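Shown next: start.cif, containing mmCIF, C-alpha atoms and all ligand atoms.
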```cif
data_final
loop_
_atom_site.label_atom_id
_atom_site.label_comp_id
_atom_site.auth_asym_id
_atom_site.auth_seq_id
_atom_site.Cartn_x
_atom_site.Cartn_y
_atom_site.Cartn_z
CA MET V 1 157.61 -32.77 153.40
CA GLY V 2 156.90 -32.48 157.14
CA MET V 3 154.62 -30.15 159.07
CA LEU V 4 157.32 -27.63 159.99
CA GLN V 5 158.60 -27.28 156.42
CA ARG V 6 155.06 -26.79 155.09
CA VAL V 7 154.35 -24.08 157.66
CA LYS V 8 157.64 -22.35 156.73
CA GLU V 9 156.36 -22.26 153.15
CA GLY V 10 153.21 -20.48 154.28
CA LYS V 11 150.92 -23.54 154.30
CA PHE V 12 149.92 -23.12 157.93
CA LEU V 13 146.31 -24.20 157.47
CA GLU V 14 147.08 -27.12 155.17
CA ALA V 15 149.79 -28.46 157.50
CA THR V 16 147.53 -28.03 160.54
CA LEU V 17 144.65 -29.98 159.03
CA ASN V 18 146.74 -32.81 157.59
CA MET V 19 146.41 -35.37 160.36
CA THR V 20 148.73 -37.81 158.59
CA LEU V 21 151.61 -35.43 159.35
CA PRO V 22 153.20 -36.06 162.74
CA GLU V 23 153.09 -32.98 164.94
CA GLU V 24 156.34 -31.00 164.79
CA GLN V 25 157.84 -28.05 166.57
CA GLY V 26 160.66 -25.77 165.49
CA ALA V 27 161.94 -22.23 165.19
CA TRP V 28 163.20 -20.22 162.21
CA LYS V 29 163.72 -16.68 160.99
CA THR V 30 162.10 -15.29 157.86
CA GLU V 31 164.06 -13.28 155.28
CA SER V 32 162.48 -10.15 156.70
CA GLY V 33 163.92 -10.98 160.14
CA ILE V 34 160.71 -12.17 161.83
CA SER V 35 161.28 -14.98 164.37
CA CYS V 36 158.75 -17.78 164.10
CA GLU V 37 158.19 -20.76 166.31
CA LEU V 38 155.77 -23.56 165.55
CA LEU V 39 154.74 -24.70 169.03
CA GLY V 40 152.54 -27.55 167.87
CA ARG V 41 149.70 -28.29 165.46
CA GLY V 42 148.02 -25.00 164.58
CA ILE V 43 149.94 -22.92 167.14
CA LEU V 44 152.43 -20.41 165.73
CA LYS V 45 154.34 -17.81 167.72
CA ILE V 46 155.70 -14.80 165.83
CA SER V 47 158.12 -12.24 167.24
CA PRO V 48 159.15 -9.02 165.50
CA ALA V 49 162.67 -8.60 164.14
CA ASN V 50 163.79 -6.31 166.98
CA VAL V 51 161.80 -8.07 169.67
CA ASN V 52 163.89 -6.91 172.64
CA SER V 53 163.80 -3.20 171.89
CA VAL V 54 160.15 -3.38 170.86
CA SER V 55 159.13 -5.33 173.96
CA ASP V 56 160.65 -2.64 176.19
CA ASN V 57 158.40 -0.06 174.56
CA ALA V 58 155.37 0.59 176.75
CA SER V 59 153.13 0.63 173.66
CA SER V 60 154.05 -2.84 172.43
CA LYS V 61 151.50 -5.60 172.82
CA ASP V 62 151.30 -9.38 173.10
CA ILE V 63 148.42 -10.37 170.83
CA VAL V 64 146.66 -13.74 170.56
CA LEU V 65 144.63 -14.24 167.38
CA SER V 66 142.64 -17.47 167.39
CA SER V 67 140.18 -19.07 164.98
CA GLY V 68 138.52 -22.44 164.45
CA VAL V 69 137.65 -23.03 168.10
CA HIS V 70 134.40 -24.14 166.49
CA GLY V 71 135.28 -26.38 163.56
CA ASP V 72 132.56 -25.21 161.16
CA GLU V 73 133.31 -21.48 161.49
CA THR V 74 135.68 -21.15 158.58
CA SER V 75 135.98 -17.49 157.52
CA PRO V 76 138.16 -16.56 160.53
CA ILE V 77 140.42 -19.53 159.72
CA GLU V 78 140.79 -18.24 156.16
CA LEU V 79 141.59 -14.74 157.48
CA LEU V 80 144.33 -16.00 159.80
CA GLN V 81 145.83 -18.22 157.08
CA GLN V 82 146.00 -15.10 154.87
CA LEU V 83 147.65 -13.12 157.67
CA VAL V 84 150.25 -15.84 158.33
CA GLU V 85 151.03 -16.04 154.60
CA GLN V 86 151.54 -12.28 154.42
CA ILE V 87 153.75 -12.27 157.52
CA LEU V 88 155.91 -15.15 156.34
CA SER V 89 156.36 -13.56 152.90
CA GLY V 90 157.39 -10.26 154.48
CA GLU V 91 154.42 -8.35 153.07
CA VAL V 92 153.12 -7.70 156.59
CA GLN V 93 155.76 -6.80 159.22
CA PRO V 94 154.38 -7.32 162.73
CA ILE V 95 155.74 -5.08 165.42
CA HIS V 96 154.18 -6.97 168.35
CA ARG V 97 154.54 -10.54 169.62
CA LEU V 98 151.77 -12.67 168.18
CA LEU V 99 150.34 -16.09 168.92
CA ILE V 100 148.27 -17.31 165.98
CA ILE V 101 146.04 -20.30 166.60
CA ILE V 102 143.90 -22.62 164.51
CA GLY V 103 141.79 -23.88 167.39
CA HIS V 104 140.38 -27.32 166.75
CA PRO V 105 141.84 -29.12 163.71
CA GLU V 106 139.93 -32.34 164.36
CA ALA V 107 136.55 -30.58 164.44
CA ILE V 108 137.51 -28.51 161.38
CA ASN V 109 138.26 -31.70 159.43
CA LEU V 110 134.85 -33.06 160.47
CA HIS V 111 133.15 -29.76 159.40
CA ARG V 112 131.54 -29.77 162.83
CA ARG V 113 131.22 -27.26 165.66
CA PHE V 114 132.92 -29.75 168.00
CA VAL V 115 133.75 -33.44 168.27
CA ASP V 116 132.13 -34.54 171.58
CA GLU V 117 131.49 -31.35 173.49
CA ASN V 118 131.63 -27.62 172.87
CA MET V 119 135.31 -26.69 173.27
CA ASN V 120 134.37 -23.05 173.87
CA ARG V 121 132.96 -24.05 177.25
CA LEU V 122 136.15 -25.79 178.38
CA PHE V 123 138.34 -22.86 179.42
CA LYS V 124 137.47 -22.58 183.10
CA ALA V 125 140.32 -24.84 184.24
CA GLU V 126 142.38 -27.80 183.05
CA ASN V 127 139.99 -30.51 181.88
CA PRO V 128 140.18 -34.24 182.52
CA ALA V 129 141.53 -35.73 179.26
CA SER V 130 138.22 -37.43 178.52
CA ASN V 131 137.85 -36.51 174.84
CA SER V 132 139.64 -34.65 172.05
CA ASP V 133 137.84 -31.35 172.77
CA CYS V 134 139.11 -31.41 176.36
CA ILE V 135 142.63 -32.38 175.30
CA ARG V 136 142.81 -29.59 172.72
CA ALA V 137 141.37 -27.01 175.15
CA ASN V 138 144.10 -27.98 177.64
CA THR V 139 146.78 -27.53 174.96
CA LEU V 140 145.42 -24.09 174.03
CA GLN V 141 145.22 -23.02 177.67
CA VAL V 142 148.91 -23.84 178.18
CA ALA V 143 149.98 -22.16 174.91
CA VAL V 144 148.19 -18.90 175.80
CA LYS V 145 149.38 -18.97 179.40
CA ASP V 146 153.03 -19.48 178.37
CA PHE V 147 152.76 -16.77 175.72
CA PHE V 148 151.40 -14.13 178.08
CA LEU V 149 153.69 -15.05 180.99
CA GLN V 150 156.84 -15.13 178.81
CA GLY V 151 155.92 -11.70 177.41
CA GLU V 152 155.87 -10.12 180.88
CA LYS V 153 153.64 -7.31 179.58
CA ASP V 154 151.15 -5.53 181.79
CA GLU V 155 147.50 -6.51 181.43
CA GLN V 156 146.57 -3.52 179.25
CA SER V 157 149.08 -4.68 176.65
CA ARG V 158 147.73 -8.21 176.35
CA TRP V 159 145.09 -8.68 173.68
CA HIS V 160 143.16 -11.74 172.55
CA LEU V 161 140.75 -11.76 169.61
CA ASP V 162 139.00 -15.12 169.35
CA LEU V 163 137.43 -15.14 165.90
CA HIS V 164 134.12 -16.96 165.30
CA CYS V 165 131.04 -16.84 163.03
CA ALA V 166 127.40 -16.95 164.06
CA ILE V 167 125.23 -19.98 163.33
CA ARG V 168 122.22 -17.93 162.16
CA ASP V 169 121.50 -14.62 160.44
CA SER V 170 121.97 -11.50 162.47
CA GLU V 171 120.64 -7.96 162.50
CA HIS V 172 124.33 -7.06 162.97
CA TYR V 173 126.45 -8.96 160.44
CA THR V 174 129.51 -8.59 162.68
CA PHE V 175 129.67 -8.15 166.43
CA ALA V 176 131.89 -8.78 169.42
CA VAL V 177 131.22 -10.29 172.82
CA SER V 178 133.21 -8.76 175.68
CA PRO V 179 133.54 -11.38 178.43
CA PHE V 180 132.85 -10.48 182.05
CA SER V 181 136.04 -10.64 184.13
CA ARG V 182 137.54 -9.42 187.40
CA HIS V 183 139.88 -7.11 185.48
CA GLN V 184 139.65 -3.89 183.50
CA THR V 185 139.32 -5.64 180.16
CA ARG V 186 137.16 -3.08 178.35
CA GLN V 187 139.81 -0.55 177.42
CA ARG V 188 138.53 2.08 175.01
CA ASP V 189 141.29 1.25 172.49
CA LEU V 190 139.82 -2.20 172.09
CA PHE V 191 136.43 -0.77 171.20
CA SER V 192 137.98 1.87 168.92
CA PHE V 193 139.64 -1.06 167.16
CA LEU V 194 136.17 -2.53 166.59
CA GLN V 195 135.01 0.73 165.08
CA GLN V 196 138.07 0.85 162.85
CA GLY V 197 137.22 -2.66 161.62
CA GLU V 198 133.60 -1.61 160.89
CA ILE V 199 132.33 -4.12 163.45
CA GLU V 200 128.69 -3.25 163.94
CA ALA V 201 128.00 -4.06 167.57
CA ALA V 202 129.47 -5.14 170.90
CA LEU V 203 127.84 -7.06 173.76
CA LEU V 204 128.99 -6.48 177.32
CA SER V 205 128.56 -9.77 179.22
CA ASN V 206 127.40 -9.52 182.80
CA SER V 207 128.55 -12.88 184.13
CA PRO V 208 131.54 -15.20 183.65
CA SER V 209 131.36 -17.86 180.93
CA PRO V 210 134.05 -20.50 180.36
CA THR V 211 135.01 -19.36 176.85
CA PHE V 212 138.48 -18.94 175.32
CA SER V 213 138.29 -15.12 175.36
CA TRP V 214 137.06 -15.18 178.98
CA TYR V 215 140.08 -17.38 179.88
CA SER V 216 142.51 -14.70 178.65
CA ALA V 217 140.54 -11.88 180.27
CA GLU V 218 139.99 -13.59 183.61
CA TYR V 219 143.37 -15.21 184.16
CA PHE V 220 145.70 -12.80 182.35
CA GLY V 221 143.74 -9.53 182.37
CA ALA V 222 143.86 -9.48 178.57
CA GLN V 223 141.73 -7.14 176.47
CA ALA V 224 139.81 -10.07 175.03
CA LEU V 225 136.83 -10.46 172.74
CA THR V 226 134.91 -13.20 171.01
CA MET V 227 134.36 -11.81 167.51
CA GLU V 228 131.39 -12.94 165.41
CA LEU V 229 132.41 -12.40 161.79
CA GLY V 230 129.38 -13.11 159.62
CA LYS V 231 127.58 -16.41 159.25
CA VAL V 232 128.93 -19.97 159.22
CA ALA V 233 129.78 -21.30 155.73
CA PRO V 234 132.06 -24.04 154.35
CA PHE V 235 135.64 -23.26 153.27
CA GLY V 236 135.72 -21.40 149.96
CA GLN V 237 132.15 -20.12 150.32
CA ASN V 238 132.92 -17.17 152.59
CA ASP V 239 132.58 -13.63 151.29
CA LEU V 240 135.83 -12.31 152.78
CA GLN V 241 135.20 -8.99 151.04
CA ARG V 242 132.56 -8.26 153.68
CA LEU V 243 135.28 -8.68 156.32
CA SER V 244 137.93 -6.61 154.54
CA SER V 245 137.69 -3.61 156.91
CA PHE V 246 138.13 -5.95 159.84
CA TYR V 247 141.13 -7.61 158.17
CA GLN V 248 142.70 -4.21 157.48
CA ALA V 249 142.18 -3.15 161.10
CA MET V 250 143.80 -6.40 162.24
CA VAL V 251 146.82 -5.79 159.96
CA GLU V 252 147.09 -2.28 161.37
CA LEU V 253 146.83 -3.66 164.90
CA VAL V 254 149.79 -6.01 164.38
CA THR V 255 151.97 -3.64 162.32
CA LYS V 256 151.64 -0.30 164.12
CA LEU V 257 153.02 0.47 167.54
CA VAL V 258 150.21 2.92 168.26
CA PRO V 259 147.42 2.55 165.71
CA ASN V 260 145.64 5.77 165.02
CA TYR V 261 142.19 4.73 166.22
CA GLN V 262 139.81 7.42 167.38
CA TRP V 263 136.74 6.62 169.43
CA GLN V 264 133.71 7.80 167.48
CA GLU V 265 130.51 8.48 169.30
CA ASP V 266 127.61 6.33 168.03
CA LYS V 267 129.64 4.33 165.51
CA LEU V 268 129.30 1.02 167.40
CA ALA V 269 126.00 -0.26 168.77
CA VAL V 270 126.69 -1.40 172.33
CA TYR V 271 124.39 -3.83 174.12
CA LYS V 272 124.43 -4.98 177.70
CA VAL V 273 123.47 -8.54 178.48
CA THR V 274 120.34 -8.40 180.63
CA ARG V 275 119.84 -12.14 181.18
CA THR V 276 121.41 -15.47 180.31
CA LEU V 277 118.87 -18.24 179.82
CA MET V 278 120.46 -21.52 180.89
CA LYS V 279 119.11 -24.86 179.70
CA GLN V 280 118.08 -26.53 182.94
CA SER V 281 116.43 -29.69 181.61
CA GLU V 282 115.70 -31.58 178.43
CA HIS V 283 112.30 -29.83 178.41
CA PHE V 284 113.87 -26.52 177.37
CA THR V 285 112.14 -25.14 174.26
CA LEU V 286 112.03 -21.81 172.49
CA ASN V 287 108.81 -20.27 171.30
CA PHE V 288 110.29 -18.98 168.04
CA PRO V 289 112.06 -20.66 165.11
CA ASP V 290 115.59 -22.00 165.64
CA ASP V 291 116.93 -19.86 162.82
CA GLN V 292 115.58 -16.56 164.15
CA ALA V 293 118.17 -13.85 163.49
CA ASN V 294 120.38 -12.64 166.34
CA PHE V 295 119.23 -9.30 167.83
CA THR V 296 115.55 -9.92 167.01
CA MET V 297 113.33 -7.96 169.41
CA TYR V 298 109.91 -8.99 170.64
CA PRO V 299 107.30 -6.87 172.44
CA GLN V 300 107.36 -6.81 176.21
CA GLY V 301 105.44 -9.77 177.62
CA THR V 302 106.14 -12.11 174.69
CA LEU V 303 106.64 -15.72 175.78
CA LEU V 304 110.15 -16.63 174.61
CA GLY V 305 110.46 -20.19 175.84
CA ARG V 306 109.95 -22.72 178.57
CA ASP V 307 111.97 -25.06 180.72
CA GLU V 308 110.74 -27.68 183.17
CA ASP V 309 109.11 -25.34 185.71
CA ILE V 310 109.82 -21.95 184.16
CA GLU V 311 108.41 -19.69 181.46
CA TYR V 312 110.64 -16.99 179.98
CA TYR V 313 109.04 -13.70 178.88
CA VAL V 314 110.40 -10.48 177.40
CA LEU V 315 110.70 -8.36 180.54
CA GLU V 316 111.29 -4.93 179.04
CA GLU V 317 110.83 -3.16 175.74
CA GLY V 318 113.97 -3.39 173.60
CA GLU V 319 115.21 -6.76 174.89
CA ALA V 320 116.58 -8.82 171.99
CA VAL V 321 117.70 -12.45 171.66
CA VAL V 322 121.25 -13.50 170.75
CA PHE V 323 122.62 -17.05 170.21
CA PRO V 324 119.25 -18.78 170.83
CA ASN V 325 119.98 -22.50 170.80
CA PRO V 326 117.79 -25.11 172.52
CA ASN V 327 120.18 -27.90 171.45
CA VAL V 328 123.00 -27.05 173.86
CA ALA V 329 123.94 -29.45 176.66
CA ILE V 330 121.96 -29.21 179.91
CA GLY V 331 123.57 -26.64 182.20
CA GLN V 332 124.81 -24.52 179.30
CA ARG V 333 123.70 -21.16 177.94
CA ALA V 334 120.71 -21.50 175.60
CA CYS V 335 120.07 -17.82 174.85
CA LEU V 336 121.35 -14.37 175.74
CA MET V 337 118.94 -11.48 176.28
CA VAL V 338 120.49 -8.12 175.44
CA LYS V 339 119.46 -4.47 175.39
CA LYS V 340 121.03 -1.49 173.67
CA THR V 341 122.82 0.86 176.02
CA ASP V 342 124.66 4.18 176.05
CA VAL V 343 128.26 3.91 177.17
CA SER V 344 130.41 6.07 179.39
CA PRO V 345 132.14 8.72 177.23
CA GLU V 346 135.63 8.11 178.69
CA GLY V 347 137.74 5.45 180.36
CA GLN V 348 136.74 1.81 180.23
CA VAL V 349 133.68 1.09 178.12
CA GLN V 350 130.80 0.59 180.53
CA ALA V 351 127.03 0.60 180.20
CA MET V 352 125.51 3.88 181.41
CA THR V 353 122.28 2.34 182.64
O1 LIG V 401 125.67 -18.40 166.63
C1 LIG V 401 125.72 -19.03 167.68
O2 LIG V 401 124.68 -19.42 168.26
C2 LIG V 401 127.02 -19.34 168.35
C3 LIG V 401 128.20 -18.60 167.79
C4 LIG V 401 129.34 -18.81 168.75
O3 LIG V 401 130.04 -19.76 168.65
N1 LIG V 401 129.42 -17.92 169.74
C5 LIG V 401 130.33 -18.06 170.82
C6 LIG V 401 130.21 -16.87 171.72
C7 LIG V 401 131.15 -16.97 172.89
C8 LIG V 401 131.01 -15.84 173.90
O4 LIG V 401 129.93 -15.69 174.48
O5 LIG V 401 132.00 -15.15 174.14
C9 LIG V 401 129.98 -19.33 171.59
O6 LIG V 401 128.80 -19.61 171.77
O7 LIG V 401 130.91 -20.03 171.99
ZN ZN V 402 131.90 -20.07 167.48
#
```
Translate the structure of the given file into structure tokens.
Ligand SMILES: O=C(O)CCC(=O)N[C@@H](CCC(=O)O)C(=O)O
Ligand SMILES: [Zn+2]
Amino acid sequence: MGMLQRVKEGKFLEATLNMTLPEEQGAWKTESGISCELLGRGILKISPANVNSVSDNASSKDIVLSSGVHGDETSPIELLQQLVEQILSGEVQPIHRLLIIIGHPEAINLHRRFVDENMNRLFKAENPASNSDCIRANTLQVAVKDFFLQGEKDEQSRWHLDLHCAIRDSEHYTFAVSPFSRHQTRQRDLFSFLQQGEIEAALLSNSPSPTFSWYSAEYFGAQALTMELGKVAPFGQNDLQRLSSFYQAMVELVTKLVPNYQWQEDKLAVYKVTRTLMKQSEHFTLNFPDDQANFTMYPQGTLLGRDEDIEYYVLEEGEAVVFPNPNVAIGQRACLMVKKTDVSPEGQVQAMT
């Protein structure tokens, strides 16, 4: 049985990861009237039964849901497989156009974050086809671009949730990173959605970074987030129960024209990024253990790390470290410094201070 047939039977993940199957494309309709189109390995477009009338509705959205951009972050892949299964069986009836992506099948098969280089730093522009991470990033860029442009929706109606897991423990089990873009990509609805899904925290980035969610925000004005859903674990060892509120919120997002989310004061901890520590040389080191939990705070004046000619200290009380990683490539982000902030009560979510 070929790739397309397996996907039709709900085996999206299995067909995506089976590299002995030649890549196939093809369109079909489910019994419940949903139009599906397999655009390539791990890239599935889903349109609601009455796509034309729904698309004309100002409340309808074009939603990208991606997972597995890092090959070892498996719980989001399991969540999207479950969602695809429920859509194809008719149990979940999406009312918006969806693009569901399993990001990096080759890295997933290797149980590795990436093959040669971190794919989630390859979304600034088309990459030279120098390795499989670059080639796959190029494919994903085109798929997302075509999806958003074909949809012809305004920017507010484009969403992209890029689902990941954190490498280390975290004071917040789940959190989202809102990329910095030229557009208004911090709509309150997006953050109310996080509250609905019991996501504990959100980080507001203060500078561009070439990630997949940034790509959708920067080039298509999409309401985009990188979502950190618990800690990295192999397939079958994820506690999906801990992500059940998020899964329910995602189902509601795709099945309701206007989900009934209400912004709740103080339900989501919001942090602003105060500094991004970039690895400038091979001398970059951190002054605390590699597995230190995300959002750990140190007293003002604490030496955090060193690079060739620089020492990094905690500059203000309340600064915490997120994604500390001295093993990144030179020129890449080695640690984010963040600080809790109040947010504006209305309009776009913005830091007050
Ligand atoms: O836990 C870690 O250190 C990394 C987890 C991860 O993959 N995070 C993303 C965040 C992307 C963003 O800043 O939007 C990444 O580093 O690619
Ligand atoms: Zn990741």
I'd like the contact shell of range 7-14 of chain V - 7 Å cut-off, all atoms listed in the file, skipping same-chain residues fewer than 2 positions apart - returned as a PDB file with C-alpha atoms, in the coordinates of the input.
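Written out: part_19.pdb:
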```pdb
ATOM      1  CA  MET V   3     154.620 -30.150 159.070  1.00  0.00           C
ATOM      2  CA  LEU V   4     157.320 -27.630 159.990  1.00  0.00           C
ATOM      3  CA  GLN V   5     158.600 -27.280 156.420  1.00  0.00           C
ATOM      4  CA  THR V  16     147.530 -28.030 160.540  1.00  0.00           C
ATOM      5  CA  LEU V  17     144.650 -29.980 159.030  1.00  0.00           C
ATOM      6  CA  ASN V  18     146.740 -32.810 157.590  1.00  0.00           C
ATOM      7  CA  GLN V  81     145.830 -18.220 157.080  1.00  0.00           C
ATOM      8  CA  VAL V  84     150.250 -15.840 158.330  1.00  0.00           C
ATOM      9  CA  GLU V  85     151.030 -16.040 154.600  1.00  0.00           C
ATOM     10  CA  LEU V  88     155.910 -15.150 156.340  1.00  0.00           C
TER      11      LEU V  88
END
```
For the atom pair CA of Val270 in chain V and CA of Ser205 in chain V, what is the interatomic distance in Å to one decimal place?
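Result for CA of Val270 in chain V versus CA of Ser205 in chain V: 11.0 Å, one decimal.
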12 Å contact set for Ala217 in chain V, all atoms listed in the file, chain neighbours under 3 positions out, as a ChimeraX atom specification
/V:64,123-124,144-145,148,155-162,178-187,208-214,220-226
At a cut-off of 9 Å and counting all atoms listed in the file, what residues surround ligand LIG 401 (chain V)? Please answer as a PyMOL selection string.
chain V and resi 69-70+73+113+118-121+162+164-170+176-179+203+205+209-214+225-228+231-232+294+322-325+333-336
Range 46-62 of chain V: which residues within 8 Å, counting all atoms listed in the file, same-chain residues fewer than 4 positions away excluded, as a PDB file with C-alpha atoms, in the coordinates of the input?
```
ATOM      1  CA  SER V  32     162.480 -10.150 156.700  1.00  0.00           C
ATOM      2  CA  GLY V  33     163.920 -10.980 160.140  1.00  0.00           C
ATOM      3  CA  ILE V  34     160.710 -12.170 161.830  1.00  0.00           C
ATOM      4  CA  SER V  35     161.280 -14.980 164.370  1.00  0.00           C
ATOM      5  CA  CYS V  36     158.750 -17.780 164.100  1.00  0.00           C
ATOM      6  CA  GLU V  37     158.190 -20.760 166.310  1.00  0.00           C
ATOM      7  CA  GLN V  93     155.760  -6.800 159.220  1.00  0.00           C
ATOM      8  CA  PRO V  94     154.380  -7.320 162.730  1.00  0.00           C
ATOM      9  CA  ILE V  95     155.740  -5.080 165.420  1.00  0.00           C
ATOM     10  CA  HIS V  96     154.180  -6.970 168.350  1.00  0.00           C
ATOM     11  CA  ARG V  97     154.540 -10.540 169.620  1.00  0.00           C
ATOM     12  CA  LEU V  98     151.770 -12.670 168.180  1.00  0.00           C
ATOM     13  CA  LEU V  99     150.340 -16.090 168.920  1.00  0.00           C
ATOM     14  CA  ILE V 100     148.270 -17.310 165.980  1.00  0.00           C
ATOM     15  CA  PHE V 147     152.760 -16.770 175.720  1.00  0.00           C
ATOM     16  CA  PHE V 148     151.400 -14.130 178.080  1.00  0.00           C
ATOM     17  CA  GLY V 151     155.920 -11.700 177.410  1.00  0.00           C
ATOM     18  CA  LYS V 153     153.640  -7.310 179.580  1.00  0.00           C
ATOM     19  CA  SER V 157     149.080  -4.680 176.650  1.00  0.00           C
ATOM     20  CA  ARG V 158     147.730  -8.210 176.350  1.00  0.00           C
ATOM     21  CA  TRP V 159     145.090  -8.680 173.680  1.00  0.00           C
ATOM     22  CA  LEU V 257     153.020   0.470 167.540  1.00  0.00           C
ATOM     23  CA  VAL V 258     150.210   2.920 168.260  1.00  0.00           C
TER      24      VAL V 258
END
```
From the set V:Gln332, V:Ser66, V:Ser207, V:Thr30, which residue has the shortest atom-to-atom contact distance to ligand ZN 402 (chain V), counting all atoms listed in the file?
V:Ser66
For the atom pair CA of Met1 in chain V and CA of Gly103 in chain V, what is the interatomic distance in Å to one decimal place?
22.9 Å
Quote the spacing between CA of Gln264 in chain V and CA of Phe193 in chain V in Å to one decimal place.
10.7 Å
Measuring atom to atom with only C-alpha atoms and all ligand atoms, identify which of V:Thr20, V:Thr74, V:Gln262, V:Thr341 is nearest to ligand ZN 402 (chain V).
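Answer, going by the shortest atom-to-atom distance: V:Thr74.
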Top pick for closest residue to Tyr312 in chain V, considering V:Lys340, V:Arg242, V:Arg275, V:Lys267 and counting only C-alpha atoms
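The answer is V:Arg275, which sits nearest to Tyr312 in chain V.
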Given the point (126.6, -3.5, 175.3) in the file's coordinates, find the residues that have an atom at most 8 Å from it, counting all atoms listed in the file, and give them as JSON, numbers by chain.
{"V": [201, 202, 203, 204, 205, 269, 270, 271, 272, 273, 338, 339, 340, 341, 342, 343, 350, 351]}
Counting all atoms listed in the file, note down every residue that has an atom within 10 Å of the point (140.0, -5.4, 161.0) (file coordinates), as a list in words.
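Answer for this query, in the requested form: Phe193, Leu194, Gln195, Gln196, Gly197, Glu198, Ile199, Leu243, Ser244, Ser245, Phe246, Tyr247, Gln248, Ala249, Met250, Val251, Glu252 and Leu253 of chain V.
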For ligand ZN 402 (chain V), the nearest of the candidates V:Met297, V:Ala107, V:Leu149, V:Leu304, counting only C-alpha atoms and all ligand atoms:
V:Ala107
Restricting the calculation to all atoms listed in the file, which member of V:Pro326, V:Gly26, V:Gly230, V:Gly305 is positioned closest to ligand ZN 402 (chain V)?
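Comparing V:Pro326, V:Gly26, V:Gly230, V:Gly305 against ligand ZN 402 (chain V), the winner is V:Gly230.
Of the residues listed (V:Ser89, V:Gln292, V:Thr139, V:Asn127), V:Thr139 shows the shortest atom-to-atom separation from Gly42 in chain V; distances use only C-alpha atoms.
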Any idea what's packed within 7 Å of Pro76 in chain V, counting all atoms listed in the file, ignoring anything in its chain fewer than 4 positions away? Could you give it as a PyMOL selection string?
chain V and resi 67+80+163-164
